[in-house]
Amino acid sequence: MQCALCKQNFEKLENSHIIPSFVTKWLKKTSRGSGYLRDGYDPTRRIQDSETKKLLCKKCEEKLSNYEGYFAERVFKPLLDKKNKKFMYNEKVEYFIVSLAWRFLEDNLISYEYTASINNEINNKLTKFYGVKEYFRKLLNEKKQDDRYTCCIQLIKNTKDYSKELLGVKAYISRVIDITLLFETNTIYIKLPNIFILLTVGSKVKMYNELECYYNKPIYMNNKFKDKTLLYSRIHYLYNEHLSKIPETEWNRIDYDILKNKYKVLHKSNR
Ligand SMILES: [Zn+2]
């Protein structure tokens, strides 16, 4: 079997989590409800853990685990458990984000093929994302860097302002894991509890300029979302597609949902 990262053959591969397990563990630990996760495709179904895939050899799995461990202990847990107000962006954080995006592309790009086959413009951009996947793979192997992508991060507290405007905003901000491709801006959108990451390939998105990450630049917890349109369109979409399947009687008890958007694409010309 071939390791997806180093491309060498091995007798067996490790079970890799596509969604980092420290996030799902944290969600379970801090649950006030059932202690189960929900499946993004069918939120009425409760699941034990995020899915794993035989993707990497032992060595590559260990390498990515190191980035993951750093992010979990130095960024994620201090922000969410100890209520730290900021963290410092650095190479390890960057590699964790790239590895998460790479794993998502490795696992999900194929599911966008159908949409691409009926839409030329998306097809072109999908081809680009295949290139990005390969670029990220090389980056994770050889640690070479250039400026082919920009990383923007927003840390958002749970604020009361949002909840009046749209159902599920608070739950979305604090409990939902959501990873998808934004074809309009060549962006990989990664949403973890209270952490929003936009990894844009090629030309930068002007709107996110001030959110751009640089090494040794602190990133602060904020209570205003820079681009509410994006936030609301995701929540609206997920609510209509997925969350509305949850019986209303269960809404108060919803603690977390794993929501991954595989088949639908946010794209204006699709409307
Ligand atoms: Zn490997």
# chains A, B, ... in the order shown; residues from 1 in each chain; ligands from 1

call {"tool": "select_by_dssp", "arguments": {"residues": "segment 14-194 of chain A", "states": "helix (DSSP H, G or I)", "output": "MDAnalysis selection string"}}
result
chainID A and resid 21:29 58:80 91:117 120:142 160:163 169:175 183:185

call {"tool": "closest_atom_pairs", "arguments": {"of": "chain A", "to": "ligand 1", "cutoff": "7 Å", "atoms": "only C-alpha atoms and all ligand atoms", "output": "Markdown table"}}
result
| residue | atom | partner | partner_atom_place_in_ligand_line | distance |
| --- | --- | --- | --- | --- |
| A:Cys3 | CA | ligand 1 | 1 (Zn) | 4.6 |
| A:Ala4 | CA | ligand 1 | 1 (Zn) | 6.6 |
| A:Leu5 | CA | ligand 1 | 1 (Zn) | 5.1 |
| A:Cys6 | CA | ligand 1 | 1 (Zn) | 4.1 |
| A:Lys7 | CA | ligand 1 | 1 (Zn) | 6.2 |
| A:Gln8 | CA | ligand 1 | 1 (Zn) | 6.2 |
| A:Leu56 | CA | ligand 1 | 1 (Zn) | 5.2 |
| A:Cys57 | CA | ligand 1 | 1 (Zn) | 4.2 |
| A:Lys58 | CA | ligand 1 | 1 (Zn) | 6.7 |
| A:Lys59 | CA | ligand 1 | 1 (Zn) | 5.8 |
| A:Cys60 | CA | ligand 1 | 1 (Zn) | 4.4 |

call {"tool": "write_last_selection", "arguments": {"atoms": "C-alpha atoms", "output": "mmCIF file, in the first residue's frame"}}
result
data_model
loop_
_atom_site.group_PDB
_atom_site.id
_atom_site.type_symbol
_atom_site.label_atom_id
_atom_site.label_comp_id
_atom_site.auth_asym_id
_atom_site.auth_seq_id
_atom_site.Cartn_x
_atom_site.Cartn_y
_atom_site.Cartn_z
ATOM 1 C CA CYS A 3 1.562 6.212 1.690
ATOM 2 C CA ALA A 4 -0.295 9.261 0.361
ATOM 3 C CA LEU A 5 2.358 11.642 1.668
ATOM 4 C CA CYS A 6 5.775 10.110 0.931
ATOM 5 C CA LYS A 7 4.439 7.891 -1.899
ATOM 6 C CA GLN A 8 6.500 4.905 -0.779
ATOM 7 C CA LEU A 56 -0.125 7.377 5.877
ATOM 8 C CA CYS A 57 2.901 5.279 6.793
ATOM 9 C CA LYS A 58 4.060 5.296 10.404
ATOM 10 C CA LYS A 59 6.762 7.868 9.814
ATOM 11 C CA CYS A 60 4.506 10.329 7.995
#

call {"tool": "residues_around", "arguments": {"residues": "segment 86-93 of chain A", "least_positions_apart": "5", "cutoff": "12 Å", "atoms": "only C-alpha atoms", "output": "number ranges by chain"}}
result
A: 63-80, 98-100, 140, 143-145, 151-157, 195, 197, 211-222

call {"tool": "residues_around", "arguments": {"residues": "Thr52 of chain A", "least_positions_apart": "4", "cutoff": "9 Å", "atoms": "only C-alpha atoms", "output": "list in words"}}
result
Asn15, Ser16, His17, Ile18 and Ile19 of chain A

call {"tool": "residues_around", "arguments": {"residues": "Glu113 of chain A", "least_positions_apart": "4", "cutoff": "10 Å", "atoms": "only C-alpha atoms", "output": "list of chain:residue names"}}
result
A:Asn108, A:Leu109, A:Ser117, A:Ile118, A:Asn119, A:Ile122, A:Asn123, A:Leu126, A:Thr127, A:Tyr263

call {"tool": "write_last_selection", "arguments": {"atoms": "N, CA and C atoms", "output": "short mmCIF file (atom, residue, chain, number, x, y, z; two decimals), in the first residue's frame"}}
result
data_model
loop_
_atom_site.label_atom_id
_atom_site.label_comp_id
_atom_site.auth_asym_id
_atom_site.auth_seq_id
_atom_site.Cartn_x
_atom_site.Cartn_y
_atom_site.Cartn_z
N ASN A 108 -11.29 14.29 0.02
CA ASN A 108 -12.56 14.80 -0.48
C ASN A 108 -12.62 15.33 -1.92
N LEU A 109 -11.46 15.62 -2.51
CA LEU A 109 -11.51 16.26 -3.84
C LEU A 109 -12.37 15.48 -4.83
N SER A 117 -18.12 18.38 -13.23
CA SER A 117 -18.43 17.87 -14.56
C SER A 117 -19.57 18.63 -15.22
N ILE A 118 -20.40 19.31 -14.42
CA ILE A 118 -21.50 20.07 -15.03
C ILE A 118 -21.23 21.57 -15.03
N ASN A 119 -20.08 21.97 -14.55
CA ASN A 119 -19.78 23.40 -14.50
C ASN A 119 -18.31 23.63 -14.84
N ILE A 122 -16.04 25.67 -12.43
CA ILE A 122 -15.65 24.90 -11.24
C ILE A 122 -14.64 23.84 -11.62
N ASN A 123 -14.83 23.28 -12.79
CA ASN A 123 -13.89 22.27 -13.26
C ASN A 123 -12.46 22.81 -13.31
N LEU A 126 -11.27 23.24 -9.83
CA LEU A 126 -11.01 21.95 -9.20
C LEU A 126 -9.63 21.43 -9.61
N THR A 127 -9.33 21.61 -10.89
CA THR A 127 -8.01 21.22 -11.38
C THR A 127 -6.93 21.93 -10.58
N TYR A 263 -20.61 17.59 -1.15
CA TYR A 263 -21.16 17.59 -2.50
C TYR A 263 -21.62 18.95 -2.99
#

call {"tool": "select_by_dssp", "arguments": {"residues": "segment 65-241 of chain A", "states": "strand (DSSP E or B)", "output": "PyMOL selection string"}}
result
chain A and resi 86-88+149-156+176-182+187-192+195-201+212+218-222

call {"tool": "closest_residue", "arguments": {"among": "A:Arg148, A:Lys204, A:Lys29, A:Lys170", "to": "Ile235 of chain A", "atoms": "only C-alpha atoms"}}
result
A:Lys170

call {"tool": "atom_distance", "arguments": {"atom1": "atom CA of Arg234 of chain A", "atom2": "atom CA of Asp178 of chain A"}}
result
8.9 Å

call {"tool": "closest_residue", "arguments": {"among": "A:Ile97, A:Met1, A:Val176, A:Leu105", "to": "Tyr149 of chain A", "atoms": "only C-alpha atoms"}}
result
A:Ile97

call {"tool": "residues_around", "arguments": {"residues": "Lys125 of chain A", "least_positions_apart": "5", "cutoff": "9 Å", "atoms": "only C-alpha atoms", "output": "ChimeraX atom specification"}}
result
/A:116,120,130,183-184,186

call {"tool": "atom_distance", "arguments": {"atom1": "atom CA of Asp227 of chain A", "atom2": "atom CA of Arg175 of chain A"}}
result
19.2 Å
